[in-house]
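Student: I'm passing along final26.pdb; it holds PDB, C-alpha atoms.
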MODEL        1
ATOM      1  CA  MET A 352     103.056  93.207 123.491
ATOM      2  CA  GLU A 353     104.603  90.333 121.533
ATOM      3  CA  TYR A 354     107.460  91.178 119.155
ATOM      4  CA  THR A 355     106.765  90.258 115.532
ATOM      5  CA  GLU A 356     108.992  90.191 112.452
ATOM      6  CA  ILE A 357     107.819  89.850 108.847
ATOM      7  CA  GLN A 358     109.100  90.338 105.289
ATOM      8  CA  ALA A 359     107.892  92.921 102.776
ATOM      9  CA  GLU A 360     107.130  91.931  99.182
ATOM     10  CA  LEU A 361     107.806  93.886  95.998
ATOM     11  CA  ILE A 362     104.725  95.501  94.438
ATOM     12  CA  ILE A 363     106.226  97.788  91.770
ATOM     13  CA  ASP A 364     109.807  97.499  90.506
ATOM     14  CA  ALA A 365     109.951 101.261  89.931
ATOM     15  CA  GLN A 366     113.716 101.690  90.386
ATOM     16  CA  ALA A 367     113.015 105.169  91.746
ATOM     17  CA  GLU A 368     116.014 107.340  92.526
ATOM     18  CA  LEU A 369     114.448 108.591  95.747
ATOM     19  CA  GLY A 370     111.042 107.011  96.332
ATOM     20  CA  GLU A 371     109.136 108.792  99.101
ATOM     21  CA  GLY A 372     105.873 110.283 100.363
ATOM     22  CA  PRO A 373     103.317 107.429 100.172
ATOM     23  CA  HIS A 374      99.699 108.551 100.637
ATOM     24  CA  TRP A 375      96.698 106.226 100.446
ATOM     25  CA  ASP A 376      93.587 107.564  98.689
ATOM     26  CA  ALA A 377      90.767 105.415 100.061
ATOM     27  CA  GLU A 378      88.161 106.916  97.732
ATOM     28  CA  PHE A 379      89.882 105.673  94.588
ATOM     29  CA  ASN A 380      91.871 102.708  95.994
ATOM     30  CA  GLN A 381      95.100 104.363  94.897
ATOM     31  CA  LEU A 382      98.487 104.996  96.408
ATOM     32  CA  TYR A 383     100.248 108.259  95.587
ATOM     33  CA  TRP A 384     104.014 108.280  95.990
ATOM     34  CA  VAL A 385     106.899 110.241  94.514
ATOM     35  CA  ASP A 386     110.421 109.963  93.182
ATOM     36  CA  ILE A 387     111.822 113.198  94.592
ATOM     37  CA  THR A 388     115.018 113.624  92.589
ATOM     38  CA  GLY A 389     113.470 111.838  89.609
ATOM     39  CA  LYS A 390     110.782 114.572  89.654
ATOM     40  CA  LYS A 391     107.953 112.065  89.303
ATOM     41  CA  LEU A 392     104.538 111.416  90.790
ATOM     42  CA  ARG A 393     103.574 107.738  90.740
ATOM     43  CA  ILE A 394      99.974 106.580  91.212
ATOM     44  CA  TYR A 395      99.513 102.872  91.971
ATOM     45  CA  ASP A 396      96.053 101.457  91.284
ATOM     46  CA  ARG A 397      95.503  98.617  93.736
ATOM     47  CA  VAL A 398      92.561  97.160  91.778
ATOM     48  CA  THR A 399      94.343  96.831  88.435
ATOM     49  CA  GLY A 400      97.916  96.662  89.735
ATOM     50  CA  SER A 401      98.889  99.276  87.154
ATOM     51  CA  GLU A 402     100.703 102.547  87.674
ATOM     52  CA  THR A 403     100.438 106.023  86.194
ATOM     53  CA  VAL A 404     103.554 108.202  86.209
ATOM     54  CA  ARG A 405     103.649 111.990  85.837
ATOM     55  CA  SER A 406     106.864 113.967  85.380
ATOM     56  CA  PHE A 407     107.520 117.521  86.549
ATOM     57  CA  ASP A 408     110.137 120.206  85.999
ATOM     58  CA  LEU A 409     110.767 120.505  89.751
ATOM     59  CA  MET A 410     111.482 117.988  92.472
ATOM     60  CA  VAL A 411     108.316 116.836  94.233
ATOM     61  CA  SER A 412     108.447 115.387  97.752
ATOM     62  CA  ALA A 413     104.777 114.786  98.617
ATOM     63  CA  VAL A 414     101.417 114.664  96.831
ATOM     64  CA  ILE A 415      98.108 114.725  98.729
ATOM     65  CA  PRO A 416      94.547 114.909  97.368
ATOM     66  CA  THR A 417      92.466 117.969  98.173
ATOM     67  CA  THR A 418      88.825 118.003  99.225
ATOM     68  CA  ALA A 419      88.044 119.824  95.967
ATOM     69  CA  GLY A 420      89.275 116.939  93.848
ATOM     70  CA  GLY A 421      92.719 118.223  92.911
ATOM     71  CA  LEU A 422      96.168 117.690  94.373
ATOM     72  CA  VAL A 423      98.431 119.653  96.675
ATOM     73  CA  LEU A 424     102.132 119.127  95.968
ATOM     74  CA  ALA A 425     105.179 119.865  98.099
ATOM     75  CA  MET A 426     107.767 120.837  95.494
ATOM     76  CA  GLU A 427     111.327 121.970  95.867
ATOM     77  CA  ASP A 428     110.560 125.685  96.270
ATOM     78  CA  GLY A 429     107.068 125.700  97.768
ATOM     79  CA  VAL A 430     103.554 124.316  97.767
ATOM     80  CA  TYR A 431     101.617 123.928  94.533
ATOM     81  CA  LEU A 432      98.059 123.064  93.541
ATOM     82  CA  SER A 433      97.186 120.985  90.521
ATOM     83  CA  SER A 434      94.320 119.186  88.884
ATOM     84  CA  LEU A 435      94.832 115.443  88.458
ATOM     85  CA  GLU A 436      96.352 116.015  85.020
ATOM     86  CA  GLY A 437      97.077 119.751  84.830
ATOM     87  CA  SER A 438     100.275 121.690  85.420
ATOM     88  CA  PRO A 439     101.018 122.672  89.033
ATOM     89  CA  VAL A 440     100.441 126.291  90.028
ATOM     90  CA  GLN A 441     102.410 127.680  92.959
ATOM     91  CA  MET A 442     100.271 128.422  95.993
ATOM     92  CA  ILE A 443     103.047 129.692  98.248
ATOM     93  CA  SER A 444     106.845 129.920  98.247
ATOM     94  CA  ILE A 445     108.663 128.424 101.232
ATOM     95  CA  GLU A 446     112.051 129.689 102.432
ATOM     96  CA  PRO A 447     112.966 131.897  99.446
ATOM     97  CA  GLU A 448     115.788 133.170 101.645
ATOM     98  CA  PHE A 449     117.324 129.657 101.464
ATOM     99  CA  PRO A 450     117.417 128.853  97.726
ATOM    100  CA  ARG A 451     119.408 125.674  98.377
ATOM    101  CA  ASN A 452     116.735 124.268 100.679
ATOM    102  CA  ARG A 453     113.911 122.096  99.377
ATOM    103  CA  SER A 454     110.679 120.691 100.704
ATOM    104  CA  ASN A 455     110.750 117.193 102.135
ATOM    105  CA  ASP A 456     108.097 115.159 103.974
ATOM    106  CA  ALA A 457     104.602 116.654 104.103
ATOM    107  CA  LYS A 458     101.289 115.424 105.498
ATOM    108  CA  CYS A 459      97.874 116.803 106.343
ATOM    109  CA  ASP A 460      96.257 116.616 109.749
ATOM    110  CA  ARG A 461      92.573 115.767 109.884
ATOM    111  CA  GLN A 462      91.653 119.456 110.012
ATOM    112  CA  GLY A 463      93.026 119.714 106.478
ATOM    113  CA  ARG A 464      96.182 121.679 107.287
ATOM    114  CA  LEU A 465      99.358 120.835 105.381
ATOM    115  CA  TRP A 466     102.458 120.315 107.526
ATOM    116  CA  VAL A 467     105.572 120.502 105.338
ATOM    117  CA  GLY A 468     109.224 120.339 106.305
ATOM    118  CA  THR A 469     112.413 121.438 104.576
ATOM    119  CA  MET A 470     116.058 120.431 104.340
ATOM    120  CA  SER A 471     119.312 121.580 102.761
ATOM    121  CA  MET A 472     120.299 120.146  99.385
ATOM    122  CA  ASP A 473     123.952 120.814 100.318
ATOM    123  CA  ASN A 474     123.958 118.950 103.664
ATOM    124  CA  GLU A 475     124.072 122.217 105.591
ATOM    125  CA  PRO A 476     123.174 121.438 109.214
ATOM    126  CA  LYS A 477     120.107 122.802 110.952
ATOM    127  CA  VAL A 478     118.902 125.185 108.252
ATOM    128  CA  GLY A 479     115.565 123.431 107.686
ATOM    129  CA  GLY A 480     112.208 124.107 109.248
ATOM    130  CA  LEU A 481     108.667 122.843 109.663
ATOM    131  CA  TYR A 482     105.725 124.880 108.385
ATOM    132  CA  VAL A 483     101.943 124.719 108.534
ATOM    133  CA  LEU A 484      99.868 125.832 105.567
ATOM    134  CA  GLU A 485      96.310 126.609 106.584
ATOM    135  CA  PRO A 486      93.410 125.983 104.188
ATOM    136  CA  ASP A 487      93.037 129.762 103.750
ATOM    137  CA  GLY A 488      96.595 129.979 102.410
ATOM    138  CA  PHE A 489      98.233 131.399 105.539
ATOM    139  CA  CYS A 490     101.626 129.774 106.175
ATOM    140  CA  ARG A 491     103.456 129.836 109.505
ATOM    141  CA  GLN A 492     106.703 128.350 110.732
ATOM    142  CA  VAL A 493     106.449 126.081 113.766
ATOM    143  CA  LEU A 494     110.026 124.736 114.018
ATOM    144  CA  SER A 495     113.442 126.041 112.965
ATOM    145  CA  GLY A 496     116.990 124.705 113.202
ATOM    146  CA  ILE A 497     115.975 121.395 111.626
ATOM    147  CA  GLY A 498     118.485 119.111 109.919
ATOM    148  CA  ILE A 499     116.258 116.940 107.709
ATOM    149  CA  SER A 500     112.542 117.305 108.356
ATOM    150  CA  ASN A 501     110.967 113.880 107.970
ATOM    151  CA  GLY A 502     108.272 111.684 109.547
ATOM    152  CA  LEU A 503     104.966 113.089 110.846
ATOM    153  CA  ALA A 504     102.124 111.312 112.630
ATOM    154  CA  TRP A 505      99.214 112.293 114.860
ATOM    155  CA  ASP A 506      97.597 110.436 117.738
ATOM    156  CA  TYR A 507      94.365 112.375 118.088
ATOM    157  CA  ALA A 508      93.076 110.285 120.988
ATOM    158  CA  ARG A 509      96.081 111.345 123.081
ATOM    159  CA  SER A 510      96.457 114.865 121.592
ATOM    160  CA  ARG A 511      99.973 114.118 120.379
ATOM    161  CA  MET A 512     102.029 114.774 117.285
ATOM    162  CA  TYR A 513     105.144 112.736 116.500
ATOM    163  CA  TYR A 514     108.022 114.108 114.437
ATOM    164  CA  ILE A 515     111.393 113.036 113.072
ATOM    165  CA  ASP A 516     114.381 115.291 112.450
ATOM    166  CA  THR A 517     116.569 112.580 110.916
ATOM    167  CA  PRO A 518     120.085 113.580 112.124
ATOM    168  CA  THR A 519     118.949 113.562 115.764
ATOM    169  CA  ARG A 520     118.010 109.844 115.497
ATOM    170  CA  HIS A 521     115.035 110.721 117.729
ATOM    171  CA  VAL A 522     111.333 110.288 117.313
ATOM    172  CA  ASP A 523     109.999 113.309 119.184
ATOM    173  CA  VAL A 524     106.534 113.866 120.596
ATOM    174  CA  PHE A 525     104.646 117.142 121.075
ATOM    175  CA  ASP A 526     101.441 118.049 122.818
ATOM    176  CA  TYR A 527      99.072 118.807 119.958
ATOM    177  CA  ASP A 528      96.244 121.349 119.988
ATOM    178  CA  GLU A 529      94.098 120.105 117.117
ATOM    179  CA  VAL A 530      91.731 123.086 117.064
ATOM    180  CA  ALA A 531      94.529 125.666 116.827
ATOM    181  CA  GLY A 532      96.967 123.439 114.935
ATOM    182  CA  LYS A 533      99.725 124.214 117.435
ATOM    183  CA  ILE A 534     102.400 122.092 119.096
ATOM    184  CA  CYS A 535     104.351 122.476 122.339
ATOM    185  CA  ASN A 536     106.295 120.569 125.012
ATOM    186  CA  ARG A 537     108.713 118.771 122.698
ATOM    187  CA  ARG A 538     110.392 115.702 124.178
ATOM    188  CA  VAL A 539     111.985 112.447 122.983
ATOM    189  CA  ALA A 540     109.640 109.473 122.653
ATOM    190  CA  PHE A 541     112.423 107.034 121.720
ATOM    191  CA  GLN A 542     115.732 106.868 119.861
ATOM    192  CA  ILE A 543     116.663 104.721 116.858
ATOM    193  CA  PRO A 544     119.749 102.555 117.612
ATOM    194  CA  ASP A 545     122.938 103.586 115.826
ATOM    195  CA  ALA A 546     123.419 100.251 114.054
ATOM    196  CA  THR A 547     120.004 100.260 112.347
ATOM    197  CA  GLY A 548     120.265 103.260 110.033
ATOM    198  CA  LEU A 549     118.587 106.647 110.346
ATOM    199  CA  PRO A 550     114.889 107.339 110.993
ATOM    200  CA  ASP A 551     113.096 108.640 107.905
ATOM    201  CA  GLY A 552     109.336 108.603 107.209
ATOM    202  CA  MET A 553     106.767 107.350 109.694
ATOM    203  CA  THR A 554     103.141 106.360 110.141
ATOM    204  CA  ILE A 555     100.838 105.391 113.010
ATOM    205  CA  ASP A 556      98.451 102.451 113.387
ATOM    206  CA  SER A 557      95.030 102.148 115.005
ATOM    207  CA  GLU A 558      96.621 101.038 118.278
ATOM    208  CA  GLY A 559      98.723 104.205 118.533
ATOM    209  CA  MET A 560     101.965 102.392 117.672
ATOM    210  CA  LEU A 561     104.492 104.023 115.335
ATOM    211  CA  TRP A 562     106.085 102.533 112.220
ATOM    212  CA  VAL A 563     109.445 104.090 111.289
ATOM    213  CA  ALA A 564     111.331 103.662 108.004
ATOM    214  CA  HIS A 565     115.095 103.147 108.369
ATOM    215  CA  TRP A 566     117.357 104.884 105.840
ATOM    216  CA  GLY A 567     120.384 102.583 105.634
ATOM    217  CA  GLY A 568     118.705  99.943 107.762
ATOM    218  CA  GLY A 569     116.642  97.953 105.263
ATOM    219  CA  CYS A 570     113.564  97.829 107.447
ATOM    220  CA  VAL A 571     110.512  99.451 108.999
ATOM    221  CA  SER A 572     110.360  99.169 112.787
ATOM    222  CA  ARG A 573     107.275  99.247 115.020
ATOM    223  CA  TRP A 574     107.466 101.082 118.373
ATOM    224  CA  ASP A 575     105.319 101.669 121.419
ATOM    225  CA  PRO A 576     105.853 105.414 121.966
ATOM    226  CA  ASN A 577     104.445 105.173 125.483
ATOM    227  CA  THR A 578     107.231 102.844 126.662
ATOM    228  CA  GLY A 579     109.948 103.517 124.068
ATOM    229  CA  GLU A 580     110.030  99.786 123.279
ATOM    230  CA  GLN A 581     110.484  98.332 119.807
ATOM    231  CA  ILE A 582     107.758  95.739 119.273
ATOM    232  CA  GLY A 583     108.073  94.737 115.623
ATOM    233  CA  LEU A 584     110.060  94.753 112.414
ATOM    234  CA  VAL A 585     109.366  94.565 108.691
ATOM    235  CA  ARG A 586     112.424  93.555 106.686
ATOM    236  CA  VAL A 587     112.713  95.202 103.260
ATOM    237  CA  PRO A 588     115.120  93.976 100.523
ATOM    238  CA  ALA A 589     116.450  97.488  99.927
ATOM    239  CA  PRO A 590     118.872  99.328 102.219
ATOM    240  CA  PHE A 591     117.392 102.822 101.892
ATOM    241  CA  VAL A 592     113.832 102.589 103.225
ATOM    242  CA  THR A 593     112.251 106.010 103.130
ATOM    243  CA  SER A 594     108.620 105.973 104.317
ATOM    244  CA  CYS A 595     105.471 103.930 104.859
ATOM    245  CA  THR A 596     101.702 104.249 105.108
ATOM    246  CA  PHE A 597      98.735 101.965 105.599
ATOM    247  CA  GLY A 598      96.377 101.323 102.700
ATOM    248  CA  GLY A 599      94.142  98.761 101.089
ATOM    249  CA  SER A 600      90.399  98.328 101.490
ATOM    250  CA  ASP A 601      90.679  97.711 105.236
ATOM    251  CA  LEU A 602      93.921  99.672 105.838
ATOM    252  CA  THR A 603      95.839  96.508 106.754
ATOM    253  CA  GLU A 604      98.456  96.776 103.994
ATOM    254  CA  LEU A 605     101.636  98.638 104.874
ATOM    255  CA  TYR A 606     103.049 100.269 101.734
ATOM    256  CA  ILE A 607     106.769 101.025 101.880
ATOM    257  CA  THR A 608     108.857 103.292  99.635
ATOM    258  CA  THR A 609     112.580 102.904  98.990
ATOM    259  CA  ALA A 610     115.447 104.667  97.204
ATOM    260  CA  ARG A 611     118.132 103.630  94.762
ATOM    261  CA  THR A 612     120.320 106.716  94.957
ATOM    262  CA  GLY A 613     123.784 106.256  96.466
ATOM    263  CA  LEU A 614     124.075 102.537  95.726
ATOM    264  CA  ASN A 615     127.167 101.277  93.920
ATOM    265  CA  GLU A 616     127.123  98.520  91.295
ATOM    266  CA  ASP A 617     127.744  95.728  93.806
ATOM    267  CA  GLU A 618     124.949  96.974  96.045
ATOM    268  CA  ILE A 619     122.543  97.212  93.107
ATOM    269  CA  CYS A 620     123.380  93.594  92.239
ATOM    270  CA  GLN A 621     122.666  92.652  95.862
ATOM    271  CA  TYR A 622     119.456  94.730  96.013
ATOM    272  CA  PRO A 623     118.119  94.772  92.439
ATOM    273  CA  HIS A 624     114.678  96.039  93.489
ATOM    274  CA  ALA A 625     115.958  99.042  95.466
ATOM    275  CA  GLY A 626     113.819 102.036  94.571
ATOM    276  CA  GLY A 627     110.744  99.852  94.390
ATOM    277  CA  LEU A 628     107.388  99.997  96.144
ATOM    278  CA  PHE A 629     106.935  97.221  98.708
ATOM    279  CA  MET A 630     104.028  95.996 100.826
ATOM    280  CA  ALA A 631     103.624  93.964 104.012
ATOM    281  CA  LYS A 632     100.621  92.773 106.020
ATOM    282  CA  PRO A 633     101.577  93.252 109.660
ATOM    283  CA  GLY A 634      98.248  92.160 111.156
ATOM    284  CA  VAL A 635      97.152  95.595 112.345
ATOM    285  CA  SER A 636      95.243  98.392 110.625
ATOM    286  CA  GLY A 637      96.228 101.976 110.075
ATOM    287  CA  LEU A 638      94.335 105.244 110.031
ATOM    288  CA  LEU A 639      92.832 107.034 107.052
ATOM    289  CA  SER A 640      95.179 109.559 105.453
ATOM    290  CA  ALA A 641      93.844 113.108 105.573
ATOM    291  CA  SER A 642      93.309 115.362 102.555
ATOM    292  CA  PHE A 643      94.099 119.048 102.179
ATOM    293  CA  GLN A 644      91.083 121.241 102.939
ATOM    294  CA  ALA A 645      90.836 123.246  99.740
ATOM    295  CA  LYS A 646      89.131 126.619  99.711
ATOM    296  CA  GLU A 647      85.675 126.562  98.190
TER
ENDMDL
END
Could you show the structure in this file as structure tokens?

Tutor:
Amino acid sequence: MEYTEIQAELIIDAQAELGEGPHWDAEFNQLYWVDITGKKLRIYDRVTGSETVRSFDLMVSAVIPTTAGGLVLAMEDGVYLSSLEGSPVQMISIEPEFPRNRSNDAKCDRQGRLWVGTMSMDNEPKVGGLYVLEPDGFCRQVLSGIGISNGLAWDYARSRMYYIDTPTRHVDVFDYDEVAGKICNRRVAFQIPDATGLPDGMTIDSEGMLWVAHWGGGCVSRWDPNTGEQIGLVRVPAPFVTSCTFGGSDLTELYITTARTGLNEDEICQYPHAGGLFMAKPGVSGLLSASFQAKE
């Protein structure tokens, strides 16, 4: 497969502290994303180019539509449900025994389960976990001893789930039982090189290739998880690239979130649009993002 390299363009100069969690809503042609430490939900309307911003009292790390028309939110102390404009109501608390942990990346599989990971806010090692919230409200832990729970992606054709625990620098792969929502046989698919930052969020395209955001690397890389070979790169004019997802009417637009936190004055002068929302057209399509299966 031929190696390709392209440049991302700025879409919204949001100057988010910690932009994250992009989710494409195909029904409404909108992109949901968050500013975690800024405690904001941002909704980008692709048709008008405008953005709606909602603020919360708690940090929010992911926002995903539900099949009932509302939103499910991964917030710092658990999972919440909300109408599009109403106040979030807690559905379940996660890790109350670790009050200095918070939720991080979260995504739904196509069965409507929410997979949500956690991390320490005090840089404590290996105190995070990965949890699955079933549509009926039952929550179970599937991984423990996690440093920073990040990227998630499913290859349903190959019955695989991919996962990133950032400090390991690995992209891991599991055998995935879609019916039961269970994972097993964890192994390393490939490792991110030391000089290119740390792996953060991730998405998958229609060819089964993975796109990985590089925290500290200013890019999104494309990988063939079957061979462990890097086959592409999207350069982003912001050093802290946090996540990515495919969107647009034909799912050929790669939306990329970035962060501004941790940059000094010289770095902000060098990267004035850090914390912005970027987009690239890599010439391949993605897969539809799944919604949370709300109880009737």

Student: From the list A:Trp466, A:Pro416, A:Leu369, A:Ile387, which residue is nearest Trp566 of chain A when using all atoms listed in the file?

Tutor: A:Leu369

Student: Mind pulling up the distance from atom CA of Gly468 of chain A to atom CA of Trp375 of chain A?

Tutor: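 Pair atom CA of Trp375 of chain A / atom CA of Gly468 of chain A returns 19.8 Å.
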
Student: Calculate how many Å separate atom CA of Ser495 of chain A from atom CA of Gln542 of chain A, rounding to one decimal.

Tutor: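 These atoms are spaced 20.5 Å apart.
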
Student: Quick one: of A:Ala419, A:Leu409, A:Leu361, A:Ile534, who's nearest to Tyr622 of chain A, counting all atoms listed in the file?

Tutor: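 Using all atoms listed in the file, Tyr622 of chain A sits closest to A:Leu361.
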
Student: On this structure, the PyMOL selection byres ((chain A and resi 444) around 9) would catch which residues? List them as a VMD selection string, sorted by chain and number.

Tutor: chain A and resid 428 to 431 441 to 443 445 to 447

Student: I want to know what sits within 7 Å of Gln644 of chain A, based on only C-alpha atoms, with residues of the same chain fewer than 2 positions away left out; could you give that as a list in words?

Tutor: Thr417, Thr418, Gly463, Arg464, Pro486, Ser642 and Lys646 of chain A

Student: For the structure provided, state which residues fall under the PyMOL selection byres ((chain A and resi 357) around 10), and present them as an MDAnalysis selection string.

Tutor: chainID A and resid 355:356 358:360 570:571 583:587 631:633

Student: To one decimal place in Å, what is the distance between atom CA of Gly498 of chain A and atom CA of Asn452 of chain A?

Tutor: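 Distance reported for this atom pair: 10.7 Å.
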
Student: Please provide the set of residues having any atom within 12 Å of segment 474-484 of chain A, restricted to only C-alpha atoms, with same-chain residues fewer than 6 positions apart removed, written as a PyMOL selection string.

Tutor: chain A and resi 423-425+429-431+442-446+448-460+462-468+490-503+514-519+531-534+643-645
